[in-house]
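Okay, structure first, notes after.
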Amino acid sequence: MHSAHTCPAVAPSIPSAKAQPPEDFRWPEGGVSRVPFQVFSDPAIYAMEQERIFRGPVWHYLCMELEVGKRGDIKTTWLGETPIIVTRDADGIVHAMINRCAHKGALVCLKDRDNRESLTCVYHAWNYGLDGRLKTVAFQNGLRGKGGMPEDFDPSRHRLEPLRVEVYCGMVFGTYSAETEPLHDFLGDSTRAFMERNMKHPLKILGVHSQMIHNNWKLYAENVRDSYHATLLHTFYTTFKVNRLDMDGGIVLSDKKWHHISYSKRATLQAAAEYKEANVHSAKFDSDLEGPELLKAWEGFDDGITHSIQTVFPTLVMQLTLNSLAVRFFVPRGVDKTELFWVFLGYETDTPEQEHMRVMQGNLTGAAGLVALEDGCINSFVQRGTATSPDRAAFIEMGGRVAESNESSRATEAAVRGFWHGYRNIMGF
Ligand code: FES
Ligand SMILES: [Fe+2]
């Protein structure tokens with residue numbers, strides 16, 4: 001949050017900690033290997049998350065820097081339930097602020113993207129600079145000497161409420177809290193190194209879309225850390241040998257365990273009989289695609305990694321599956337609804353053929369992707385299965401009971417436990 005000396009007049013709109021867990025709430029025995037189903041459907045816990053996580057000392061992805069690439073660019077987004085404006089001002093500086101007029105609280109920016117010299121609220125035409133400072137108030141001095149604001153009205157004391165902003169690897173992050181550590185430290189070494197591998201290139205946006213999924217936001221946070229399900233639920237991955245547990249791969253948790261990287265190397269596949277023994281339906285058949293070009297890929301890196309999912313706590317995901325590069329982030333829309341956003345990316349240096357391959361592979365994931373639609377579906381099955389049993393808990397012991405990296409196997413729920421480690425830490429559970 002702004003510090004008092006830079007922004008003395010901004011009303012303290014961020015409430016101090018006051019949301020409380022339900023009276024009877026206790027985390028079950030078993031630590032991070034148990035997750036009480038109550039956390040997926042309890043409105044009091046949901047309200048607490050908005051305060052402690054989304055308004056708390058955590059960095060949150062806001063948008064791609066490319067979406068505010070030019071001076072005057074404006075992008076609207078969300079931080080938890082709060083509408084946010086990201087801008088690039090005339091000096092090229094990126095700002096983020098709450099999309100809430102300092103007058104009566106109306107949304108100031110209504111479009112997804114825009115380019116303007118200033119921001120004007122449609123309600124009473126208060127006008128703000130791209131840095132969020134109030135420039136003019138319509139009829140501040142009234143009309144013909146009558147009406148207007150009181151003598152002591154000081155526009156510099158009323159502005160759009162700013163967020164702290166940092167830009168890293170082409171992504172804009174924001175936080176409300178003055179206590180949030182620098183982004184560099186929040187991410188940690190392993191997370192930064194792999195982000196740089198995939199994202200520190202001249203990026204290009206190939207397409208964006210969003211979808212509503214019918215589950216609590218944390219079920220999606222779990223799902224993207226769940227390397228155990230990836231080749232069981234997603235039969236396409238198994239059938240067409242895109243990503244399987246019998247390829248070399250592993251799970252790397254960040255220093256704090258909150259973020260993770262899951263990776264596999266397609267060329268190392270040694271088809272294990274266990275797939276058939278585990279009753280993995282699709283491992284029993286040979287299939288062909290009518291459009292085999294969907295799986296045509298080139299090796300962009302020399303480390304052999306052909307599939308990776310990387311998360312940054314709480315709601316950011318970066319994927320590079322074959323050559324399909326995308327950023328996903330998800331926004332809670334109520335206790336049992338989540339909006340999932342996808343930004344598909346390429347590099348400026350891609351040849352037209354490479355770009356075509358990335359776009360083609362976008363059919364694997366995304367709202368209508370052959371793989372990702374199963375995730376939206378399965379998360380809603382968990383939401384429906386758990387909603388009426390708040391007193392029961394998930395059993396998450398695959399690969400052990402603690403949250404630790406495992407560079408030899410992805411038959412583990414280590415990264416899921418890592419998420420809950422972070423969640424409990426910040427929620428005080
Ligand atoms: S609410 Fe924005 S100008 Fe009145
Ligand atoms: Fe999945």
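Residues in the structure tokens are named by chain (A, B, ... in the order shown) and by number from 1 within that chain; ligands are numbered from 1 in the order shown.
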
Show me which residues line ligand 2, defined as having an atom within 8 Å of a ligand atom where only C-alpha atoms and all ligand atoms count, and present them as a list in words.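 Result of the 8 Å neighbour search around ligand 2: Asn223, Val224, Asp226, His229, Ala230, Leu233, His234, Val371, Ala372, Glu374 and Asp375 of chain A.
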
Take the residues from that selection and put them in a file with N, CA, C and O atoms, as an mmCIF file, in the first residue's frame.
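Below is the file that was written, result_15.cif:
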data_model
loop_
_atom_site.group_PDB
_atom_site.id
_atom_site.type_symbol
_atom_site.label_atom_id
_atom_site.label_comp_id
_atom_site.auth_asym_id
_atom_site.auth_seq_id
_atom_site.Cartn_x
_atom_site.Cartn_y
_atom_site.Cartn_z
ATOM 1 N N ASN A 223 -5.016 -28.015 -8.820
ATOM 2 C CA ASN A 223 -5.002 -28.787 -10.066
ATOM 3 C C ASN A 223 -3.737 -28.539 -10.885
ATOM 4 O O ASN A 223 -3.144 -29.473 -11.426
ATOM 5 N N VAL A 224 -3.296 -27.285 -10.944
ATOM 6 C CA VAL A 224 -2.097 -27.000 -11.741
ATOM 7 C C VAL A 224 -0.811 -27.455 -11.048
ATOM 8 O O VAL A 224 0.236 -27.516 -11.678
ATOM 9 N N ASP A 226 -0.846 -30.428 -9.495
ATOM 10 C CA ASP A 226 -1.115 -31.849 -9.318
ATOM 11 C C ASP A 226 -0.521 -32.630 -10.489
ATOM 12 O O ASP A 226 -1.195 -32.919 -11.465
ATOM 13 N N HIS A 229 -2.180 -36.212 -11.558
ATOM 14 C CA HIS A 229 -3.354 -36.399 -12.419
ATOM 15 C C HIS A 229 -3.041 -36.232 -13.905
ATOM 16 O O HIS A 229 -3.788 -36.708 -14.752
ATOM 17 N N ALA A 230 -1.912 -35.551 -14.201
ATOM 18 C CA ALA A 230 -1.736 -35.031 -15.555
ATOM 19 C C ALA A 230 -1.825 -36.102 -16.634
ATOM 20 O O ALA A 230 -2.369 -35.869 -17.700
ATOM 21 N N LEU A 233 -5.898 -38.299 -15.924
ATOM 22 C CA LEU A 233 -7.109 -37.636 -16.423
ATOM 23 C C LEU A 233 -6.960 -37.295 -17.908
ATOM 24 O O LEU A 233 -7.879 -37.476 -18.695
ATOM 25 N N HIS A 234 -5.785 -36.780 -18.265
ATOM 26 C CA HIS A 234 -5.595 -36.288 -19.639
ATOM 27 C C HIS A 234 -5.090 -37.415 -20.529
ATOM 28 O O HIS A 234 -3.900 -37.556 -20.787
ATOM 29 N N VAL A 371 -7.009 -30.867 -23.829
ATOM 30 C CA VAL A 371 -6.528 -31.279 -22.511
ATOM 31 C C VAL A 371 -7.205 -30.464 -21.406
ATOM 32 O O VAL A 371 -7.738 -31.012 -20.439
ATOM 33 N N ALA A 372 -7.217 -29.150 -21.576
ATOM 34 C CA ALA A 372 -7.591 -28.297 -20.445
ATOM 35 C C ALA A 372 -9.070 -28.328 -20.114
ATOM 36 O O ALA A 372 -9.461 -28.029 -18.984
ATOM 37 N N GLU A 374 -10.763 -30.765 -19.618
ATOM 38 C CA GLU A 374 -10.948 -31.791 -18.581
ATOM 39 C C GLU A 374 -10.685 -31.232 -17.181
ATOM 40 O O GLU A 374 -11.294 -31.658 -16.211
ATOM 41 N N ASP A 375 -9.770 -30.270 -17.084
ATOM 42 C CA ASP A 375 -9.481 -29.682 -15.771
ATOM 43 C C ASP A 375 -10.674 -28.885 -15.243
ATOM 44 O O ASP A 375 -11.034 -28.994 -14.074
#

Please give the complete set of residues from stretch 301-351 of chain A that DSSP, run on the backbone, assigns to strand (DSSP E), formatted as a VMD selection string. chain A and resid 307 to 312 316 to 321 324 to 332 338 to 347

Any chance you could export the current selection's N, CA and C atoms as a CSV table (one decimal), in the first residue's frame?
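Saved as again_36.csv:
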chain,number,residue,atom,x,y,z
A,307,HIS,N,7.9,-30.2,-21.6
A,307,HIS,CA,6.6,-29.8,-21.0
A,307,HIS,C,6.9,-29.2,-19.6
A,308,SER,N,6.3,-28.1,-19.4
A,308,SER,CA,6.5,-27.5,-18.1
A,308,SER,C,5.3,-26.7,-17.6
A,309,ILE,N,5.0,-26.9,-16.4
A,309,ILE,CA,3.9,-26.1,-15.7
A,309,ILE,C,4.6,-25.4,-14.5
A,310,GLN,N,4.5,-24.1,-14.5
A,310,GLN,CA,5.1,-23.4,-13.4
A,310,GLN,C,4.1,-22.5,-12.7
A,311,THR,N,4.1,-22.5,-11.4
A,311,THR,CA,3.1,-21.7,-10.7
A,311,THR,C,3.8,-20.6,-9.8
A,312,VAL,N,3.1,-19.5,-9.6
A,312,VAL,CA,3.5,-18.5,-8.6
A,312,VAL,C,2.3,-18.3,-7.7
A,316,LEU,N,-1.1,-17.5,-10.4
A,316,LEU,CA,-0.4,-17.4,-11.7
A,316,LEU,C,0.1,-18.8,-12.1
A,317,VAL,N,0.0,-19.1,-13.4
A,317,VAL,CA,0.5,-20.3,-14.0
A,317,VAL,C,1.2,-19.9,-15.3
A,318,MET,N,2.3,-20.5,-15.5
A,318,MET,CA,3.0,-20.4,-16.9
A,318,MET,C,3.2,-21.8,-17.4
A,319,GLN,N,2.8,-22.0,-18.7
A,319,GLN,CA,3.0,-23.3,-19.3
A,319,GLN,C,3.9,-23.2,-20.5
A,320,LEU,N,4.6,-24.2,-20.8
A,320,LEU,CA,5.3,-24.4,-22.1
A,320,LEU,C,5.2,-25.9,-22.4
A,321,THR,N,4.1,-26.2,-23.1
A,321,THR,CA,3.9,-27.6,-23.5
A,321,THR,C,4.2,-27.8,-24.9
A,324,SER,N,3.7,-24.6,-27.0
A,324,SER,CA,2.5,-23.8,-26.6
A,324,SER,C,2.8,-23.1,-25.3
A,325,LEU,N,3.1,-21.8,-25.4
A,325,LEU,CA,3.5,-20.9,-24.3
A,325,LEU,C,2.3,-20.1,-23.9
A,326,ALA,N,2.0,-20.2,-22.6
A,326,ALA,CA,0.8,-19.4,-22.2
A,326,ALA,C,0.9,-19.0,-20.7
A,327,VAL,N,0.4,-17.9,-20.4
A,327,VAL,CA,0.2,-17.5,-19.0
A,327,VAL,C,-1.3,-17.6,-18.7
A,328,ARG,N,-1.5,-18.3,-17.5
A,328,ARG,CA,-2.9,-18.4,-17.1
A,328,ARG,C,-3.0,-17.7,-15.7
A,329,PHE,N,-4.0,-17.0,-15.4
A,329,PHE,CA,-4.3,-16.5,-14.1
A,329,PHE,C,-5.7,-16.6,-13.8
A,330,PHE,N,-6.0,-16.8,-12.5
A,330,PHE,CA,-7.4,-17.0,-12.2
A,330,PHE,C,-7.9,-16.1,-11.1
A,331,VAL,N,-9.2,-15.7,-11.2
A,331,VAL,CA,-9.7,-14.7,-10.3
A,331,VAL,C,-11.0,-15.3,-9.6
A,332,PRO,N,-11.0,-15.2,-8.3
A,332,PRO,CA,-12.1,-15.7,-7.6
A,332,PRO,C,-13.4,-14.9,-7.8
A,338,THR,N,-14.9,-19.3,-10.4
A,338,THR,CA,-13.5,-18.8,-10.7
A,338,THR,C,-13.5,-18.4,-12.2
A,339,GLU,N,-12.9,-17.2,-12.5
A,339,GLU,CA,-12.7,-16.9,-13.9
A,339,GLU,C,-11.2,-17.2,-14.2
A,340,LEU,N,-11.0,-17.9,-15.3
A,340,LEU,CA,-9.7,-18.4,-15.7
A,340,LEU,C,-9.3,-17.6,-17.0
A,341,PHE,N,-8.2,-16.9,-16.9
A,341,PHE,CA,-7.8,-16.1,-18.1
A,341,PHE,C,-6.6,-16.8,-18.7
A,342,TRP,N,-6.5,-16.8,-20.0
A,342,TRP,CA,-5.4,-17.4,-20.8
A,342,TRP,C,-4.8,-16.3,-21.7
A,343,VAL,N,-3.5,-16.2,-21.7
A,343,VAL,CA,-2.8,-15.3,-22.6
A,343,VAL,C,-1.8,-16.2,-23.4
A,344,PHE,N,-2.0,-16.5,-24.6
A,344,PHE,CA,-1.1,-17.3,-25.4
A,344,PHE,C,0.0,-16.4,-26.0
A,345,LEU,N,1.2,-17.0,-26.0
A,345,LEU,CA,2.4,-16.1,-26.3
A,345,LEU,C,3.3,-16.8,-27.3
A,346,GLY,N,4.0,-16.0,-28.0
A,346,GLY,CA,5.2,-16.5,-28.8
A,346,GLY,C,6.3,-15.5,-28.6
A,347,TYR,N,7.4,-15.7,-29.3
A,347,TYR,CA,8.5,-14.8,-29.3
A,347,TYR,C,8.6,-14.0,-30.6

Residue among A:Ser254, A:Asn379, A:Gln270, A:Thr351 lying closest to A:Glu404, counting only C-alpha atoms: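 Closest candidate: A:Ser254.
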
Nearest residue to ligand 1 from the set A:Ala125, A:Val94, A:Leu66, A:Ala44 (distances using only C-alpha atoms and all ligand atoms):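 With only C-alpha atoms and all ligand atoms as the atom set, the closest residue is A:Ala125.
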
Leaving out stretch 286-299 of chain A and any residue of its chain fewer than 5 positions from it, which residues lie within 10 Å of it when counting only C-alpha atoms, given as a ChimeraX atom specification? /A:236,239-242,304-306,321-324,354,357-364

Output for the residues just chosen: N, CA, C and O atoms as a PDB file, in the first residue's frame:
ATOM      1  N   PHE A 236      -5.233 -37.810 -23.556  1.00  0.00           N
ATOM      2  CA  PHE A 236      -4.573 -37.365 -24.784  1.00  0.00           C
ATOM      3  C   PHE A 236      -3.050 -37.337 -24.598  1.00  0.00           C
ATOM      4  O   PHE A 236      -2.286 -37.736 -25.467  1.00  0.00           O
ATOM      5  N   THR A 239      -1.880 -41.045 -24.620  1.00  0.00           N
ATOM      6  CA  THR A 239      -2.025 -41.675 -25.928  1.00  0.00           C
ATOM      7  C   THR A 239      -0.967 -41.167 -26.902  1.00  0.00           C
ATOM      8  O   THR A 239      -0.339 -41.948 -27.617  1.00  0.00           O
ATOM      9  N   PHE A 240      -0.787 -39.860 -26.931  1.00  0.00           N
ATOM     10  CA  PHE A 240       0.109 -39.275 -27.933  1.00  0.00           C
ATOM     11  C   PHE A 240       1.484 -38.928 -27.371  1.00  0.00           C
ATOM     12  O   PHE A 240       2.255 -38.199 -27.986  1.00  0.00           O
ATOM     13  N   LYS A 241       1.754 -39.488 -26.187  1.00  0.00           N
ATOM     14  CA  LYS A 241       3.097 -39.408 -25.604  1.00  0.00           C
ATOM     15  C   LYS A 241       3.641 -37.979 -25.557  1.00  0.00           C
ATOM     16  O   LYS A 241       4.775 -37.709 -25.921  1.00  0.00           O
ATOM     17  N   VAL A 242       2.787 -37.086 -25.094  1.00  0.00           N
ATOM     18  CA  VAL A 242       3.202 -35.689 -24.934  1.00  0.00           C
ATOM     19  C   VAL A 242       3.826 -35.509 -23.554  1.00  0.00           C
ATOM     20  O   VAL A 242       4.864 -34.874 -23.386  1.00  0.00           O
ATOM     21  N   GLY A 304      16.319 -30.358 -22.872  1.00  0.00           N
ATOM     22  CA  GLY A 304      15.492 -31.549 -23.075  1.00  0.00           C
ATOM     23  C   GLY A 304      14.070 -31.439 -22.528  1.00  0.00           C
ATOM     24  O   GLY A 304      13.245 -32.322 -22.740  1.00  0.00           O
ATOM     25  N   ILE A 305      13.767 -30.367 -21.802  1.00  0.00           N
ATOM     26  CA  ILE A 305      12.428 -30.222 -21.207  1.00  0.00           C
ATOM     27  C   ILE A 305      11.426 -29.824 -22.297  1.00  0.00           C
ATOM     28  O   ILE A 305      11.618 -28.816 -22.980  1.00  0.00           O
ATOM     29  N   THR A 306      10.387 -30.648 -22.445  1.00  0.00           N
ATOM     30  CA  THR A 306       9.404 -30.386 -23.500  1.00  0.00           C
ATOM     31  C   THR A 306       8.030 -30.029 -22.942  1.00  0.00           C
ATOM     32  O   THR A 306       7.116 -29.686 -23.679  1.00  0.00           O
ATOM     33  N   THR A 321       4.113 -26.233 -23.081  1.00  0.00           N
ATOM     34  CA  THR A 321       3.882 -27.624 -23.460  1.00  0.00           C
ATOM     35  C   THR A 321       4.191 -27.756 -24.935  1.00  0.00           C
ATOM     36  O   THR A 321       3.539 -27.089 -25.745  1.00  0.00           O
ATOM     37  N   LEU A 322       5.178 -28.592 -25.285  1.00  0.00           N
ATOM     38  CA  LEU A 322       5.739 -28.575 -26.643  1.00  0.00           C
ATOM     39  C   LEU A 322       6.136 -27.128 -26.904  1.00  0.00           C
ATOM     40  O   LEU A 322       7.026 -26.628 -26.246  1.00  0.00           O
ATOM     41  N   ASN A 323       5.449 -26.427 -27.798  1.00  0.00           N
ATOM     42  CA  ASN A 323       5.799 -25.013 -27.998  1.00  0.00           C
ATOM     43  C   ASN A 323       4.657 -24.080 -27.601  1.00  0.00           C
ATOM     44  O   ASN A 323       4.680 -22.891 -27.912  1.00  0.00           O
ATOM     45  N   SER A 324       3.654 -24.633 -26.962  1.00  0.00           N
ATOM     46  CA  SER A 324       2.516 -23.798 -26.568  1.00  0.00           C
ATOM     47  C   SER A 324       2.844 -23.060 -25.278  1.00  0.00           C
ATOM     48  O   SER A 324       2.848 -23.632 -24.189  1.00  0.00           O
ATOM     49  N   GLN A 354       7.018 -21.287 -37.033  1.00  0.00           N
ATOM     50  CA  GLN A 354       7.004 -21.523 -35.585  1.00  0.00           C
ATOM     51  C   GLN A 354       5.747 -20.911 -34.948  1.00  0.00           C
ATOM     52  O   GLN A 354       5.114 -21.522 -34.089  1.00  0.00           O
ATOM     53  N   MET A 357       2.903 -23.092 -35.531  1.00  0.00           N
ATOM     54  CA  MET A 357       2.934 -24.281 -34.668  1.00  0.00           C
ATOM     55  C   MET A 357       2.454 -23.942 -33.254  1.00  0.00           C
ATOM     56  O   MET A 357       1.712 -24.712 -32.634  1.00  0.00           O
ATOM     57  N   ARG A 358       2.857 -22.790 -32.752  1.00  0.00           N
ATOM     58  CA  ARG A 358       2.392 -22.408 -31.401  1.00  0.00           C
ATOM     59  C   ARG A 358       0.873 -22.248 -31.389  1.00  0.00           C
ATOM     60  O   ARG A 358       0.198 -22.678 -30.445  1.00  0.00           O
ATOM     61  N   VAL A 359       0.358 -21.595 -32.420  1.00  0.00           N
ATOM     62  CA  VAL A 359      -1.090 -21.365 -32.459  1.00  0.00           C
ATOM     63  C   VAL A 359      -1.820 -22.708 -32.553  1.00  0.00           C
ATOM     64  O   VAL A 359      -2.798 -22.959 -31.843  1.00  0.00           O
ATOM     65  N   MET A 360      -1.317 -23.579 -33.392  1.00  0.00           N
ATOM     66  CA  MET A 360      -1.922 -24.910 -33.562  1.00  0.00           C
ATOM     67  C   MET A 360      -1.941 -25.656 -32.226  1.00  0.00           C
ATOM     68  O   MET A 360      -2.946 -26.230 -31.821  1.00  0.00           O
ATOM     69  N   GLN A 361      -0.817 -25.610 -31.510  1.00  0.00           N
ATOM     70  CA  GLN A 361      -0.734 -26.322 -30.227  1.00  0.00           C
ATOM     71  C   GLN A 361      -1.607 -25.677 -29.148  1.00  0.00           C
ATOM     72  O   GLN A 361      -1.861 -26.269 -28.107  1.00  0.00           O
ATOM     73  N   GLY A 362      -2.072 -24.464 -29.414  1.00  0.00           N
ATOM     74  CA  GLY A 362      -3.034 -23.837 -28.498  1.00  0.00           C
ATOM     75  C   GLY A 362      -4.315 -24.659 -28.390  1.00  0.00           C
ATOM     76  O   GLY A 362      -5.112 -24.468 -27.478  1.00  0.00           O
ATOM     77  N   ASN A 363      -4.501 -25.599 -29.316  1.00  0.00           N
ATOM     78  CA  ASN A 363      -5.672 -26.473 -29.235  1.00  0.00           C
ATOM     79  C   ASN A 363      -5.549 -27.531 -28.138  1.00  0.00           C
ATOM     80  O   ASN A 363      -6.495 -28.258 -27.860  1.00  0.00           O
ATOM     81  N   LEU A 364      -4.373 -27.645 -27.531  1.00  0.00           N
ATOM     82  CA  LEU A 364      -4.211 -28.597 -26.425  1.00  0.00           C
ATOM     83  C   LEU A 364      -4.788 -28.039 -25.134  1.00  0.00           C
ATOM     84  O   LEU A 364      -5.364 -28.748 -24.329  1.00  0.00           O
TER      85      LEU A 364
END

Counting only C-alpha atoms, the residue among A:Pro57, A:Pro83, A:Gly249, A:Gly148 that lies closest to A:Pro182 is A:Pro57

Do a neighbour search on A:Ala96 at 8 Å with only C-alpha atoms, toss out local chain neighbours closer than 3 positions, and write the hits as a compact mmCIF listing (two decimals) with N, CA, C and O atoms, in the first residue's frame.
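Result went into selection18.txt, see below:
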# COMPACT_ATOMS: atom_id res chain seq x y z
N ILE A 84 -9.02 -3.48 -11.05
CA ILE A 84 -7.73 -2.77 -11.08
C ILE A 84 -7.52 -2.14 -12.46
O ILE A 84 -7.94 -2.70 -13.47
N ILE A 85 -6.85 -1.00 -12.48
CA ILE A 85 -6.42 -0.37 -13.73
C ILE A 85 -4.89 -0.41 -13.78
O ILE A 85 -4.24 -0.05 -12.79
N VAL A 86 -4.33 -0.85 -14.89
CA VAL A 86 -2.88 -0.75 -15.11
C VAL A 86 -2.67 0.23 -16.26
O VAL A 86 -3.40 0.17 -17.27
N THR A 87 -1.73 1.15 -16.11
CA THR A 87 -1.50 2.16 -17.15
C THR A 87 0.00 2.29 -17.43
O THR A 87 0.83 1.89 -16.61
N ASP A 131 -1.21 8.39 -13.83
CA ASP A 131 -0.62 7.93 -12.57
C ASP A 131 -1.67 7.88 -11.46
O ASP A 131 -1.35 7.56 -10.32
N PRO A 162 -3.38 3.84 -5.27
CA PRO A 162 -2.32 3.12 -6.00
C PRO A 162 -1.93 1.79 -5.36
O PRO A 162 -2.10 1.58 -4.16
N LEU A 163 -1.40 0.91 -6.19
CA LEU A 163 -0.79 -0.34 -5.72
C LEU A 163 0.71 -0.20 -5.91
O LEU A 163 1.17 0.58 -6.75
N ARG A 164 1.48 -0.97 -5.17
CA ARG A 164 2.91 -1.11 -5.49
C ARG A 164 2.99 -1.99 -6.73
O ARG A 164 2.25 -2.96 -6.85
N VAL A 165 3.92 -1.66 -7.61
CA VAL A 165 4.04 -2.38 -8.88
C VAL A 165 5.48 -2.82 -9.10
O VAL A 165 6.42 -2.07 -8.80
N GLY A 174 1.37 -6.66 -8.85
CA GLY A 174 0.98 -5.59 -7.93
C GLY A 174 0.67 -6.14 -6.56
O GLY A 174 0.39 -7.33 -6.39

Which neighbours of A:Gly72 fall inside 6 Å, counting only C-alpha atoms, when residues of the same chain fewer than 3 positions from it are skipped, and could you give them as a list in words?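 Contacts, in chain order: Arg88, Asp89, Asn115, Arg116 and Glu117 of chain A.
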
Would you write out those residues with all heavy atoms, as a compact mmCIF listing (two decimals), in the first residue's frame?
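And here is the file that came out, result28.txt:
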# COMPACT_ATOMS: atom_id res chain seq x y z
N ARG A 88 0.31 2.87 -18.60
CA ARG A 88 1.67 3.34 -18.85
C ARG A 88 1.56 4.83 -19.13
O ARG A 88 0.85 5.25 -20.04
CB ARG A 88 2.32 2.61 -20.03
CG ARG A 88 3.79 2.99 -20.21
CD ARG A 88 4.41 2.26 -21.37
NE ARG A 88 4.47 0.82 -21.17
CZ ARG A 88 5.49 0.17 -20.57
NH1 ARG A 88 6.53 0.84 -20.09
NH2 ARG A 88 5.47 -1.13 -20.46
N ASP A 89 2.24 5.62 -18.32
CA ASP A 89 2.08 7.07 -18.45
C ASP A 89 2.98 7.64 -19.55
O ASP A 89 3.72 6.91 -20.22
CB ASP A 89 2.28 7.77 -17.09
CG ASP A 89 3.73 7.77 -16.62
OD1 ASP A 89 4.64 7.48 -17.43
OD2 ASP A 89 3.95 8.04 -15.42
N ASN A 115 -6.46 3.35 -24.91
CA ASN A 115 -5.29 4.23 -24.95
C ASN A 115 -5.79 5.66 -24.84
O ASN A 115 -6.57 6.11 -25.67
CB ASN A 115 -4.49 4.02 -26.24
CG ASN A 115 -3.20 4.84 -26.23
OD1 ASN A 115 -3.23 6.05 -26.45
ND2 ASN A 115 -2.09 4.20 -25.92
N ARG A 116 -5.38 6.37 -23.79
CA ARG A 116 -5.89 7.72 -23.53
C ARG A 116 -4.80 8.56 -22.86
O ARG A 116 -3.84 8.03 -22.35
CB ARG A 116 -7.10 7.68 -22.59
CG ARG A 116 -8.26 6.91 -23.16
CD ARG A 116 -9.55 7.15 -22.41
NE ARG A 116 -10.63 6.57 -23.21
CZ ARG A 116 -11.30 7.23 -24.13
NH1 ARG A 116 -11.06 8.51 -24.36
NH2 ARG A 116 -12.24 6.62 -24.83
N GLU A 117 -5.06 9.87 -22.85
CA GLU A 117 -4.13 10.76 -22.17
C GLU A 117 -4.44 10.87 -20.69
O GLU A 117 -3.60 11.27 -19.89
CB GLU A 117 -4.17 12.14 -22.82
CG GLU A 117 -3.34 12.16 -24.09
CD GLU A 117 -3.46 13.46 -24.86
OE1 GLU A 117 -4.00 14.45 -24.29
OE2 GLU A 117 -3.02 13.47 -26.01

List every residue of chain A that has an atom at most 9 Å from any atom of ligand 1, giving for each one its closest atom pair and the distance in Å to one decimal, counting only C-alpha atoms and all ligand atoms, sorted by chain and then by ascending residue number, as a Markdown table.
| residue | atom | partner | partner_atom_place_in_ligand_line | distance |
| --- | --- | --- | --- | --- |
| A:Arg100 | CA | ligand 1 | 2 (Fe) | 7.8 |
| A:Cys101 | CA | ligand 1 | 2 (Fe) | 4.6 |
| A:Ala102 | CA | ligand 1 | 2 (Fe) | 6.6 |
| A:His103 | CA | ligand 1 | 1 (S) | 4.7 |
| A:Lys104 | CA | ligand 1 | 1 (S) | 3.9 |
| A:Gly105 | CA | ligand 1 | 1 (S) | 5.2 |
| A:Ala106 | CA | ligand 1 | 1 (S) | 4.7 |
| A:Leu107 | CA | ligand 1 | 2 (Fe) | 7.4 |
| A:Val108 | CA | ligand 1 | 2 (Fe) | 6.6 |
| A:Thr120 | CA | ligand 1 | 3 (S) | 7.7 |
| A:Cys121 | CA | ligand 1 | 2 (Fe) | 4.6 |
| A:Val122 | CA | ligand 1 | 2 (Fe) | 6.4 |
| A:Tyr123 | CA | ligand 1 | 4 (Fe) | 4.8 |
| A:His124 | CA | ligand 1 | 3 (S) | 3.7 |
| A:Ala125 | CA | ligand 1 | 3 (S) | 4.9 |
| A:Trp126 | CA | ligand 1 | 3 (S) | 4.4 |
| A:Asn127 | CA | ligand 1 | 3 (S) | 7.7 |
| A:Val137 | CA | ligand 1 | 3 (S) | 7.7 |
| A:Ala138 | CA | ligand 1 | 3 (S) | 8.2 |

DSSP helix (DSSP H, G or I) residues within stretch 284-356 of chain A, as a list in words: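 For stretch 284-356 of chain A, the helix (DSSP H, G or I) set is Lys284, Pro292, Glu293, Leu294, Leu295, Pro352, Glu353, Gln354, Glu355 and His356 of chain A.
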